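Source file: structure_23.tsv; contents: TSV, N, CA and C atoms.
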chain	number	residue	atom	x	y	z
A	1	MET	N	57.08	164.28	-25.97
A	1	MET	CA	56.59	164.23	-27.34
A	1	MET	C	55.74	162.97	-27.52
A	2	PRO	N	54.52	163.09	-27.99
A	2	PRO	CA	53.66	161.91	-28.14
A	2	PRO	C	54.15	160.99	-29.26
A	3	PHE	N	53.84	159.71	-29.08
A	3	PHE	CA	54.18	158.71	-30.10
A	3	PHE	C	53.25	158.89	-31.30
A	4	ARG	N	53.83	158.94	-32.49
A	4	ARG	CA	53.03	159.09	-33.71
A	4	ARG	C	53.19	157.85	-34.56
A	5	VAL	N	52.06	157.37	-35.04
A	5	VAL	CA	52.05	156.16	-35.86
A	5	VAL	C	52.18	156.53	-37.32
A	6	ASN	N	53.13	155.90	-37.98
A	6	ASN	CA	53.28	156.07	-39.43
A	6	ASN	C	52.04	155.46	-40.09
A	7	PRO	N	51.30	156.23	-40.90
A	7	PRO	CA	50.08	155.70	-41.52
A	7	PRO	C	50.32	154.47	-42.39
A	8	GLU	N	51.51	154.34	-42.94
A	8	GLU	CA	51.80	153.17	-43.79
A	8	GLU	C	51.92	151.89	-42.99
A	9	THR	N	52.29	151.98	-41.72
A	9	THR	CA	52.47	150.78	-40.91
A	9	THR	C	51.37	150.62	-39.85
A	10	LYS	N	50.48	151.58	-39.76
A	10	LYS	CA	49.44	151.57	-38.73
A	10	LYS	C	48.64	150.27	-38.73
A	11	ASN	N	48.24	149.78	-39.89
A	11	ASN	CA	47.42	148.57	-39.96
A	11	ASN	C	48.17	147.31	-39.54
A	12	ASN	N	49.50	147.34	-39.53
A	12	ASN	CA	50.26	146.16	-39.18
A	12	ASN	C	50.75	146.15	-37.74
A	13	LEU	N	50.42	147.18	-36.95
A	13	LEU	CA	50.92	147.25	-35.58
A	13	LEU	C	50.39	146.10	-34.72
A	14	MET	N	49.20	145.64	-34.95
A	14	MET	CA	48.62	144.58	-34.13
A	14	MET	C	48.98	143.19	-34.66
A	15	LYS	N	49.68	143.11	-35.75
A	15	LYS	CA	50.04	141.83	-36.34
A	15	LYS	C	51.52	141.57	-36.12
A	16	SER	N	51.85	140.37	-35.75
A	16	SER	CA	53.24	139.99	-35.58
A	16	SER	C	53.55	138.89	-36.59
A	17	TYR	N	54.49	139.16	-37.44
A	17	TYR	CA	54.90	138.20	-38.45
A	17	TYR	C	56.10	137.43	-37.94
A	18	ILE	N	56.16	136.14	-38.26
A	18	ILE	CA	57.28	135.31	-37.84
A	18	ILE	C	57.75	134.42	-38.98
A	19	GLN	N	58.98	133.94	-38.83
A	19	GLN	CA	59.52	132.91	-39.71
A	19	GLN	C	59.84	131.71	-38.82
A	20	ILE	N	59.21	130.61	-39.10
A	20	ILE	CA	59.43	129.37	-38.35
A	20	ILE	C	60.38	128.51	-39.16
A	21	SER	N	61.30	127.86	-38.48
A	21	SER	CA	62.17	126.92	-39.18
A	21	SER	C	62.00	125.53	-38.60
A	22	THR	N	62.10	124.56	-39.49
A	22	THR	CA	62.14	123.15	-39.11
A	22	THR	C	63.05	122.44	-40.09
A	23	THR	N	63.61	121.34	-39.67
A	23	THR	CA	64.45	120.54	-40.56
A	23	THR	C	63.85	119.16	-40.68
A	24	THR	N	64.09	118.53	-41.83
A	24	THR	CA	63.57	117.19	-42.08
A	24	THR	C	64.69	116.29	-42.60
A	25	GLU	N	64.43	115.01	-42.55
A	25	GLU	CA	65.41	114.03	-43.01
A	25	GLU	C	65.48	113.95	-44.53
A	26	THR	N	64.35	114.19	-45.21
A	26	THR	CA	64.31	114.07	-46.67
A	26	THR	C	63.64	115.28	-47.31
A	27	ARG	N	63.95	115.47	-48.57
A	27	ARG	CA	63.30	116.54	-49.34
A	27	ARG	C	61.80	116.29	-49.46
A	28	GLU	N	61.42	115.03	-49.64
A	28	GLU	CA	60.01	114.68	-49.79
A	28	GLU	C	59.21	115.03	-48.52
A	29	GLU	N	59.80	114.78	-47.36
A	29	GLU	CA	59.12	115.13	-46.11
A	29	GLU	C	58.97	116.65	-46.00
A	30	ALA	N	60.00	117.39	-46.36
A	30	ALA	CA	59.94	118.86	-46.35
A	30	ALA	C	58.84	119.35	-47.29
A	31	GLN	N	58.77	118.76	-48.47
A	31	GLN	CA	57.75	119.15	-49.44
A	31	GLN	C	56.34	118.84	-48.94
A	32	LYS	N	56.17	117.71	-48.27
A	32	LYS	CA	54.87	117.33	-47.72
A	32	LYS	C	54.43	118.33	-46.65
A	33	ILE	N	55.35	118.71	-45.76
A	33	ILE	CA	55.04	119.69	-44.72
A	33	ILE	C	54.72	121.05	-45.35
A	34	ALA	N	55.53	121.48	-46.31
A	34	ALA	CA	55.32	122.77	-46.97
A	34	ALA	C	53.94	122.83	-47.63
A	35	LYS	N	53.62	121.81	-48.40
A	35	LYS	CA	52.33	121.79	-49.11
A	35	LYS	C	51.16	121.81	-48.13
A	36	SER	N	51.26	121.04	-47.08
A	36	SER	CA	50.19	120.99	-46.09
A	36	SER	C	49.98	122.35	-45.43
A	37	LEU	N	51.06	123.01	-45.02
A	37	LEU	CA	50.94	124.31	-44.36
A	37	LEU	C	50.34	125.37	-45.28
A	38	VAL	N	50.78	125.38	-46.53
A	38	VAL	CA	50.25	126.37	-47.48
A	38	VAL	C	48.80	126.03	-47.85
A	39	ASP	N	48.51	124.75	-48.08
A	39	ASP	CA	47.14	124.35	-48.40
A	39	ASP	C	46.16	124.75	-47.30
A	40	GLN	N	46.58	124.64	-46.04
A	40	GLN	CA	45.71	124.97	-44.90
A	40	GLN	C	45.70	126.46	-44.58
A	41	LYS	N	46.47	127.24	-45.33
A	41	LYS	CA	46.62	128.68	-45.10
A	41	LYS	C	47.22	128.98	-43.73
A	42	LEU	N	48.06	128.06	-43.25
A	42	LEU	CA	48.80	128.30	-42.02
A	42	LEU	C	50.10	129.03	-42.31
A	43	ALA	N	50.53	129.01	-43.57
A	43	ALA	CA	51.72	129.72	-44.02
A	43	ALA	C	51.45	130.27	-45.40
A	44	ALA	N	52.02	131.44	-45.66
A	44	ALA	CA	51.89	132.03	-47.00
A	44	ALA	C	52.95	131.44	-47.93
A	45	CYS	N	54.08	131.06	-47.34
A	45	CYS	CA	55.21	130.59	-48.14
A	45	CYS	C	56.07	129.68	-47.28
A	46	VAL	N	56.57	128.61	-47.89
A	46	VAL	CA	57.56	127.76	-47.24
A	46	VAL	C	58.68	127.55	-48.25
A	47	GLN	N	59.85	128.02	-47.88
A	47	GLN	CA	61.03	127.81	-48.73
A	47	GLN	C	61.77	126.59	-48.20
A	48	ILE	N	62.23	125.76	-49.13
A	48	ILE	CA	62.96	124.55	-48.78
A	48	ILE	C	64.36	124.66	-49.35
A	49	THR	N	65.35	124.43	-48.51
A	49	THR	CA	66.73	124.47	-48.96
A	49	THR	C	67.46	123.25	-48.41
A	50	GLY	N	68.45	122.82	-49.15
A	50	GLY	CA	69.23	121.68	-48.67
A	50	GLY	C	69.80	120.88	-49.82
A	51	PRO	N	70.50	119.86	-49.49
A	51	PRO	CA	70.71	119.44	-48.10
A	51	PRO	C	71.69	120.36	-47.37
A	52	ILE	N	71.46	120.47	-46.07
A	52	ILE	CA	72.37	121.19	-45.18
A	52	ILE	C	72.97	120.15	-44.24
A	53	GLU	N	74.07	120.49	-43.62
A	53	GLU	CA	74.68	119.58	-42.66
A	53	GLU	C	74.40	120.09	-41.26
A	54	SER	N	73.84	119.22	-40.42
A	54	SER	CA	73.54	119.57	-39.03
A	54	SER	C	74.38	118.69	-38.10
A	55	THR	N	74.97	119.32	-37.10
A	55	THR	CA	75.69	118.61	-36.06
A	55	THR	C	75.00	118.93	-34.74
A	56	TYR	N	74.66	117.89	-33.98
A	56	TYR	CA	73.86	118.07	-32.78
A	56	TYR	C	74.12	116.93	-31.81
A	57	ARG	N	73.72	117.13	-30.57
A	57	ARG	CA	73.81	116.07	-29.57
A	57	ARG	C	72.43	115.45	-29.42
A	58	TRP	N	72.36	114.14	-29.54
A	58	TRP	CA	71.08	113.44	-29.42
A	58	TRP	C	71.29	112.20	-28.56
A	59	LYS	N	70.57	112.16	-27.45
A	59	LYS	CA	70.64	111.04	-26.51
A	59	LYS	C	72.08	110.73	-26.11
A	60	GLY	N	72.82	111.81	-25.79
A	60	GLY	CA	74.17	111.68	-25.28
A	60	GLY	C	75.26	111.47	-26.31
A	61	LYS	N	74.91	111.46	-27.57
A	61	LYS	CA	75.88	111.19	-28.63
A	61	LYS	C	75.88	112.33	-29.65
A	62	VAL	N	77.08	112.74	-30.09
A	62	VAL	CA	77.16	113.77	-31.12
A	62	VAL	C	76.89	113.12	-32.47
A	63	GLU	N	75.95	113.72	-33.20
A	63	GLU	CA	75.53	113.20	-34.50
A	63	GLU	C	75.75	114.26	-35.57
A	64	THR	N	75.93	113.82	-36.80
A	64	THR	CA	75.96	114.70	-37.96
A	64	THR	C	75.03	114.08	-39.00
A	65	ALA	N	74.19	114.92	-39.60
A	65	ALA	CA	73.23	114.42	-40.57
A	65	ALA	C	72.97	115.45	-41.66
A	66	ALA	N	72.64	114.96	-42.84
A	66	ALA	CA	72.16	115.83	-43.92
A	66	ALA	C	70.67	116.03	-43.69
A	67	GLU	N	70.23	117.28	-43.76
A	67	GLU	CA	68.82	117.60	-43.54
A	67	GLU	C	68.36	118.63	-44.55
A	68	TRP	N	67.05	118.81	-44.62
A	68	TRP	CA	66.42	119.82	-45.46
A	68	TRP	C	65.78	120.84	-44.54
A	69	LEU	N	66.02	122.12	-44.84
A	69	LEU	CA	65.55	123.22	-44.00
A	69	LEU	C	64.31	123.86	-44.62
A	70	CYS	N	63.26	123.99	-43.82
A	70	CYS	CA	62.04	124.68	-44.23
A	70	CYS	C	61.98	126.02	-43.51
A	71	LEU	N	61.78	127.09	-44.27
A	71	LEU	CA	61.60	128.44	-43.72
A	71	LEU	C	60.15	128.84	-43.99
A	72	ILE	N	59.38	128.99	-42.94
A	72	ILE	CA	57.93	129.13	-43.00
A	72	ILE	C	57.54	130.55	-42.62
A	73	LYS	N	56.87	131.28	-43.54
A	73	LYS	CA	56.42	132.65	-43.27
A	73	LYS	C	54.96	132.63	-42.85
A	74	THR	N	54.67	133.21	-41.67
A	74	THR	CA	53.32	133.18	-41.15
A	74	THR	C	53.13	134.28	-40.09
A	75	HIS	N	52.02	134.20	-39.38
A	75	HIS	CA	51.70	135.12	-38.28
A	75	HIS	C	52.00	134.44	-36.96
A	76	GLU	N	52.43	135.23	-36.00
A	76	GLU	CA	52.69	134.69	-34.66
A	76	GLU	C	51.44	134.00	-34.10
A	77	SER	N	50.28	134.53	-34.38
A	77	SER	CA	49.03	133.96	-33.86
A	77	SER	C	48.76	132.55	-34.39
A	78	LEU	N	49.44	132.17	-35.47
A	78	LEU	CA	49.24	130.83	-36.05
A	78	LEU	C	50.31	129.83	-35.59
A	79	PHE	N	51.23	130.26	-34.72
A	79	PHE	CA	52.34	129.38	-34.34
A	79	PHE	C	51.87	128.03	-33.81
A	80	LYS	N	50.94	128.01	-32.88
A	80	LYS	CA	50.50	126.73	-32.28
A	80	LYS	C	49.90	125.79	-33.33
A	81	LYS	N	49.15	126.34	-34.28
A	81	LYS	CA	48.57	125.51	-35.34
A	81	LYS	C	49.66	124.98	-36.27
A	82	VAL	N	50.63	125.83	-36.59
A	82	VAL	CA	51.75	125.39	-37.43
A	82	VAL	C	52.54	124.31	-36.71
A	83	GLU	N	52.83	124.53	-35.44
A	83	GLU	CA	53.56	123.55	-34.63
A	83	GLU	C	52.84	122.21	-34.64
A	84	ALA	N	51.54	122.22	-34.40
A	84	ALA	CA	50.76	120.97	-34.37
A	84	ALA	C	50.79	120.28	-35.74
A	85	ALA	N	50.66	121.05	-36.80
A	85	ALA	CA	50.68	120.46	-38.15
A	85	ALA	C	52.03	119.84	-38.46
A	86	ILE	N	53.11	120.52	-38.08
A	86	ILE	CA	54.45	119.96	-38.31
A	86	ILE	C	54.62	118.66	-37.53
A	87	LYS	N	54.26	118.67	-36.25
A	87	LYS	CA	54.41	117.47	-35.41
A	87	LYS	C	53.62	116.30	-35.97
A	88	LYS	N	52.46	116.57	-36.52
A	88	LYS	CA	51.61	115.50	-37.08
A	88	LYS	C	52.27	114.83	-38.28
A	89	LEU	N	52.98	115.61	-39.09
A	89	LEU	CA	53.57	115.11	-40.33
A	89	LEU	C	55.04	114.70	-40.21
A	90	HIS	N	55.69	115.11	-39.14
A	90	HIS	CA	57.15	114.97	-39.03
A	90	HIS	C	57.55	113.58	-38.56
A	91	SER	N	58.65	113.09	-39.10
A	91	SER	CA	59.15	111.76	-38.72
A	91	SER	C	60.05	111.79	-37.48
A	92	TYR	N	60.57	112.96	-37.11
A	92	TYR	CA	61.48	113.05	-35.96
A	92	TYR	C	60.71	112.96	-34.64
A	93	GLU	N	61.34	112.35	-33.67
A	93	GLU	CA	60.78	112.28	-32.32
A	93	GLU	C	60.65	113.68	-31.71
A	94	THR	N	61.66	114.52	-31.93
A	94	THR	CA	61.68	115.90	-31.43
A	94	THR	C	62.12	116.82	-32.56
A	95	PRO	N	61.20	117.21	-33.43
A	95	PRO	CA	61.60	118.08	-34.54
A	95	PRO	C	61.94	119.49	-34.06
A	96	GLU	N	62.86	120.11	-34.77
A	96	GLU	CA	63.14	121.53	-34.55
A	96	GLU	C	61.93	122.31	-35.03
A	97	ILE	N	61.38	123.11	-34.14
A	97	ILE	CA	60.30	124.04	-34.51
A	97	ILE	C	60.58	125.32	-33.73
A	98	ILE	N	61.23	126.27	-34.38
A	98	ILE	CA	61.57	127.52	-33.71
A	98	ILE	C	61.11	128.69	-34.57
A	99	ALA	N	60.81	129.79	-33.92
A	99	ALA	CA	60.32	130.97	-34.64
A	99	ALA	C	61.15	132.19	-34.27
A	100	VAL	N	61.35	133.03	-35.26
A	100	VAL	CA	61.99	134.33	-35.05
A	100	VAL	C	61.07	135.40	-35.63
A	101	PRO	N	61.06	136.58	-35.01
A	101	PRO	CA	60.18	137.63	-35.52
A	101	PRO	C	60.69	138.20	-36.84
A	102	ILE	N	59.75	138.58	-37.66
A	102	ILE	CA	60.05	139.37	-38.86
A	102	ILE	C	59.84	140.81	-38.42
A	103	VAL	N	60.91	141.56	-38.26
A	103	VAL	CA	60.80	142.91	-37.70
A	103	VAL	C	60.52	143.97	-38.75
A	104	LYS	N	60.83	143.68	-39.99
A	104	LYS	CA	60.56	144.61	-41.08
A	104	LYS	C	60.22	143.80	-42.32
A	105	GLY	N	59.43	144.40	-43.19
A	105	GLY	CA	59.09	143.77	-44.46
A	105	GLY	C	58.45	144.80	-45.36
A	106	SER	N	58.53	144.56	-46.66
A	106	SER	CA	57.89	145.51	-47.58
A	106	SER	C	56.38	145.47	-47.35
A	107	LYS	N	55.75	146.61	-47.53
A	107	LYS	CA	54.31	146.72	-47.36
A	107	LYS	C	53.58	145.70	-48.25
A	108	GLU	N	54.06	145.57	-49.49
A	108	GLU	CA	53.41	144.66	-50.44
A	108	GLU	C	53.55	143.19	-50.00
A	109	TYR	N	54.73	142.83	-49.51
A	109	TYR	CA	54.95	141.44	-49.08
A	109	TYR	C	54.09	141.11	-47.87
A	110	LEU	N	54.04	142.02	-46.89
A	110	LEU	CA	53.25	141.75	-45.69
A	110	LEU	C	51.75	141.72	-46.00
A	111	LYS	N	51.32	142.53	-46.94
A	111	LYS	CA	49.91	142.49	-47.38
A	111	LYS	C	49.62	141.14	-48.01
A	112	TRP	N	50.54	140.66	-48.85
A	112	TRP	CA	50.38	139.34	-49.48
A	112	TRP	C	50.36	138.25	-48.41
A	113	LEU	N	51.25	138.34	-47.42
A	113	LEU	CA	51.28	137.35	-46.35
A	113	LEU	C	49.93	137.32	-45.63
A	114	ASP	N	49.35	138.49	-45.38
A	114	ASP	CA	48.02	138.57	-44.76
A	114	ASP	C	46.96	137.88	-45.62
A	115	GLU	N	47.00	138.14	-46.91
A	115	GLU	CA	45.98	137.59	-47.82
A	115	GLU	C	46.08	136.08	-47.97
A	116	GLU	N	47.26	135.53	-47.81
A	116	GLU	CA	47.47	134.11	-48.08
A	116	GLU	C	47.51	133.22	-46.85
A	117	THR	N	47.22	133.80	-45.68
A	117	THR	CA	47.17	133.01	-44.46
A	117	THR	C	45.77	133.08	-43.87
A	118	GLU	N	45.52	132.17	-42.94
A	118	GLU	CA	44.23	132.06	-42.28
A	118	GLU	C	43.75	133.41	-41.78
A	119	ASN	N	42.47	133.67	-41.93
A	119	ASN	CA	41.88	134.92	-41.47
A	119	ASN	C	42.07	135.06	-39.97
A	120	LEU	N	42.65	136.17	-39.55
A	120	LEU	CA	42.97	136.37	-38.15
A	120	LEU	C	41.88	137.07	-37.35
A	121	SER	N	40.84	137.50	-38.02
A	121	SER	CA	39.79	138.24	-37.27
A	121	SER	C	38.74	137.31	-36.72
Can you give me the file's structure in the form of structure tokens?
Amino acid sequence: MPFRVNPETKNNLMKSYIQISTTTETREEAQKIAKSLVDQKLAACVQITGPIESTYRWKGKVETAAEWLCLIKTHESLFKKVEAAIKKLHSYETPEIIAVPIVKGSKEYLKWLDEETENLS
């Protein structure tokens, strides 16, 4: 049986949407990163939540810190630009910058994400 493309999702087959997360030491730093990414059209939306508690190993020692979490909605094709922008603004020596795929989304939301991010063509 041949593969059939749903006409409602056909236009999004070549686009991969992702959510990138990073954490910051302060709310102000998170806000600065969020504004920069949205201003540059590298992200359609950045949600900031916190403070959250993070426990991690750093330079051989277990640490616990209050941090602010940024959830960044964008296209996979913009990951390297988003990563570079975060590194430029971030105060951490090794900031968390990880991405997970957005496997489903409403047609309207994904259309909006397309309209509010850098032109991919």
For this session: Considering only C-alpha atoms, return as a PyMOL selection string whatever protein or nucleic-acid residues lie within 7 Å of A:Glu76, sequence-local ones (same chain, fewer than 3 positions apart) excluded.
Result: chain A and resi 16-18+79
Problem set entry | Best match for closeness to A:Thr64 among A:Ala43, A:Ile52, A:Ile102, A:Ala34, counting only C-alpha atoms |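 Answer, going by the shortest atom-to-atom distance: A:Ile52.
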Enumerate as a short mmCIF file (atom, residue, chain, number, x, y, z; two decimals) with N, CA and C atoms, keeping the file's coordinate frame all residues of chain A assigned to strand (DSSP E) by DSSP on the backbone, naming them with the chain letters and numbers the document uses.
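The result, stored in part-v1.cif:
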data_model
loop_
_atom_site.label_atom_id
_atom_site.label_comp_id
_atom_site.auth_asym_id
_atom_site.auth_seq_id
_atom_site.Cartn_x
_atom_site.Cartn_y
_atom_site.Cartn_z
N TYR A 17 54.49 139.16 -37.44
CA TYR A 17 54.90 138.20 -38.45
C TYR A 17 56.10 137.43 -37.94
N ILE A 18 56.16 136.14 -38.26
CA ILE A 18 57.28 135.31 -37.84
C ILE A 18 57.75 134.42 -38.98
N GLN A 19 58.98 133.94 -38.83
CA GLN A 19 59.52 132.91 -39.71
C GLN A 19 59.84 131.71 -38.82
N ILE A 20 59.21 130.61 -39.10
CA ILE A 20 59.43 129.37 -38.35
C ILE A 20 60.38 128.51 -39.16
N SER A 21 61.30 127.86 -38.48
CA SER A 21 62.17 126.92 -39.18
C SER A 21 62.00 125.53 -38.60
N THR A 22 62.10 124.56 -39.49
CA THR A 22 62.14 123.15 -39.11
C THR A 22 63.05 122.44 -40.09
N THR A 23 63.61 121.34 -39.67
CA THR A 23 64.45 120.54 -40.56
C THR A 23 63.85 119.16 -40.68
N THR A 24 64.09 118.53 -41.83
CA THR A 24 63.57 117.19 -42.08
C THR A 24 64.69 116.29 -42.60
N CYS A 45 54.08 131.06 -47.34
CA CYS A 45 55.21 130.59 -48.14
C CYS A 45 56.07 129.68 -47.28
N VAL A 46 56.57 128.61 -47.89
CA VAL A 46 57.56 127.76 -47.24
C VAL A 46 58.68 127.55 -48.25
N GLN A 47 59.85 128.02 -47.88
CA GLN A 47 61.03 127.81 -48.73
C GLN A 47 61.77 126.59 -48.20
N ILE A 48 62.23 125.76 -49.13
CA ILE A 48 62.96 124.55 -48.78
C ILE A 48 64.36 124.66 -49.35
N THR A 49 65.35 124.43 -48.51
CA THR A 49 66.73 124.47 -48.96
C THR A 49 67.46 123.25 -48.41
N GLY A 50 68.45 122.82 -49.15
CA GLY A 50 69.23 121.68 -48.67
C GLY A 50 69.80 120.88 -49.82
N PRO A 51 70.50 119.86 -49.49
CA PRO A 51 70.71 119.44 -48.10
C PRO A 51 71.69 120.36 -47.37
N ILE A 52 71.46 120.47 -46.07
CA ILE A 52 72.37 121.19 -45.18
C ILE A 52 72.97 120.15 -44.24
N GLU A 53 74.07 120.49 -43.62
CA GLU A 53 74.68 119.58 -42.66
C GLU A 53 74.40 120.09 -41.26
N SER A 54 73.84 119.22 -40.42
CA SER A 54 73.54 119.57 -39.03
C SER A 54 74.38 118.69 -38.10
N THR A 55 74.97 119.32 -37.10
CA THR A 55 75.69 118.61 -36.06
C THR A 55 75.00 118.93 -34.74
N TYR A 56 74.66 117.89 -33.98
CA TYR A 56 73.86 118.07 -32.78
C TYR A 56 74.12 116.93 -31.81
N ARG A 57 73.72 117.13 -30.57
CA ARG A 57 73.81 116.07 -29.57
C ARG A 57 72.43 115.45 -29.42
N TRP A 58 72.36 114.14 -29.54
CA TRP A 58 71.08 113.44 -29.42
C TRP A 58 71.29 112.20 -28.56
N LYS A 61 74.91 111.46 -27.57
CA LYS A 61 75.88 111.19 -28.63
C LYS A 61 75.88 112.33 -29.65
N VAL A 62 77.08 112.74 -30.09
CA VAL A 62 77.16 113.77 -31.12
C VAL A 62 76.89 113.12 -32.47
N GLU A 63 75.95 113.72 -33.20
CA GLU A 63 75.53 113.20 -34.50
C GLU A 63 75.75 114.26 -35.57
N THR A 64 75.93 113.82 -36.80
CA THR A 64 75.96 114.70 -37.96
C THR A 64 75.03 114.08 -39.00
N ALA A 65 74.19 114.92 -39.60
CA ALA A 65 73.23 114.42 -40.57
C ALA A 65 72.97 115.45 -41.66
N ALA A 66 72.64 114.96 -42.84
CA ALA A 66 72.16 115.83 -43.92
C ALA A 66 70.67 116.03 -43.69
N GLU A 67 70.23 117.28 -43.76
CA GLU A 67 68.82 117.60 -43.54
C GLU A 67 68.36 118.63 -44.55
N TRP A 68 67.05 118.81 -44.62
CA TRP A 68 66.42 119.82 -45.46
C TRP A 68 65.78 120.84 -44.54
N LEU A 69 66.02 122.12 -44.84
CA LEU A 69 65.55 123.22 -44.00
C LEU A 69 64.31 123.86 -44.62
N CYS A 70 63.26 123.99 -43.82
CA CYS A 70 62.04 124.68 -44.23
C CYS A 70 61.98 126.02 -43.51
N LEU A 71 61.78 127.09 -44.27
CA LEU A 71 61.60 128.44 -43.72
C LEU A 71 60.15 128.84 -43.99
N ILE A 72 59.38 128.99 -42.94
CA ILE A 72 57.93 129.13 -43.00
C ILE A 72 57.54 130.55 -42.62
N LYS A 73 56.87 131.28 -43.54
CA LYS A 73 56.42 132.65 -43.27
C LYS A 73 54.96 132.63 -42.85
N THR A 74 54.67 133.21 -41.67
CA THR A 74 53.32 133.18 -41.15
C THR A 74 53.13 134.28 -40.09
N HIS A 75 52.02 134.20 -39.38
CA HIS A 75 51.70 135.12 -38.28
C HIS A 75 52.00 134.44 -36.96
N ILE A 98 61.23 126.27 -34.38
CA ILE A 98 61.57 127.52 -33.71
C ILE A 98 61.11 128.69 -34.57
N ALA A 99 60.81 129.79 -33.92
CA ALA A 99 60.32 130.97 -34.64
C ALA A 99 61.15 132.19 -34.27
N VAL A 100 61.35 133.03 -35.26
CA VAL A 100 61.99 134.33 -35.05
C VAL A 100 61.07 135.40 -35.63
N PRO A 101 61.06 136.58 -35.01
CA PRO A 101 60.18 137.63 -35.52
C PRO A 101 60.69 138.20 -36.84
#
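The residue that comes closest to A:Glu28, out of A:His90, A:Lys104, A:Lys80, A:Lys61 and on the basis of only C-alpha atoms, is A:His90.
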Exercise. To one decimal place, how far is atom C of A:Pro95 from atom C of A:Glu115 in Å?
Worked result: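 Straight-line distance from atom C of A:Pro95 to atom C of A:Glu115 works out to 26.8 Å.
We find atom CA of A:Ser21 and atom CA of A:Ile97 to be spaced 5.8 Å apart.
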For this session: From a DSSP calculation on the backbone, collect every residue of chain A in helix (DSSP H, G or I) and output the set as a PyMOL selection string.
Result: chain A and resi 10-12+27-39+76-89+107-115
For this session: Take atom CA of A:Glu118 and atom C of A:Asp39 and report the distance between them in Å, one decimal.
Result: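 A separation of 9.1 Å between them.
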Problem set entry | For A:Pro51: contacts at 6.5 Å, all atoms listed in the file, fewer than 3 positions along chain excluded, given as a ChimeraX atom specification | /A:66-69
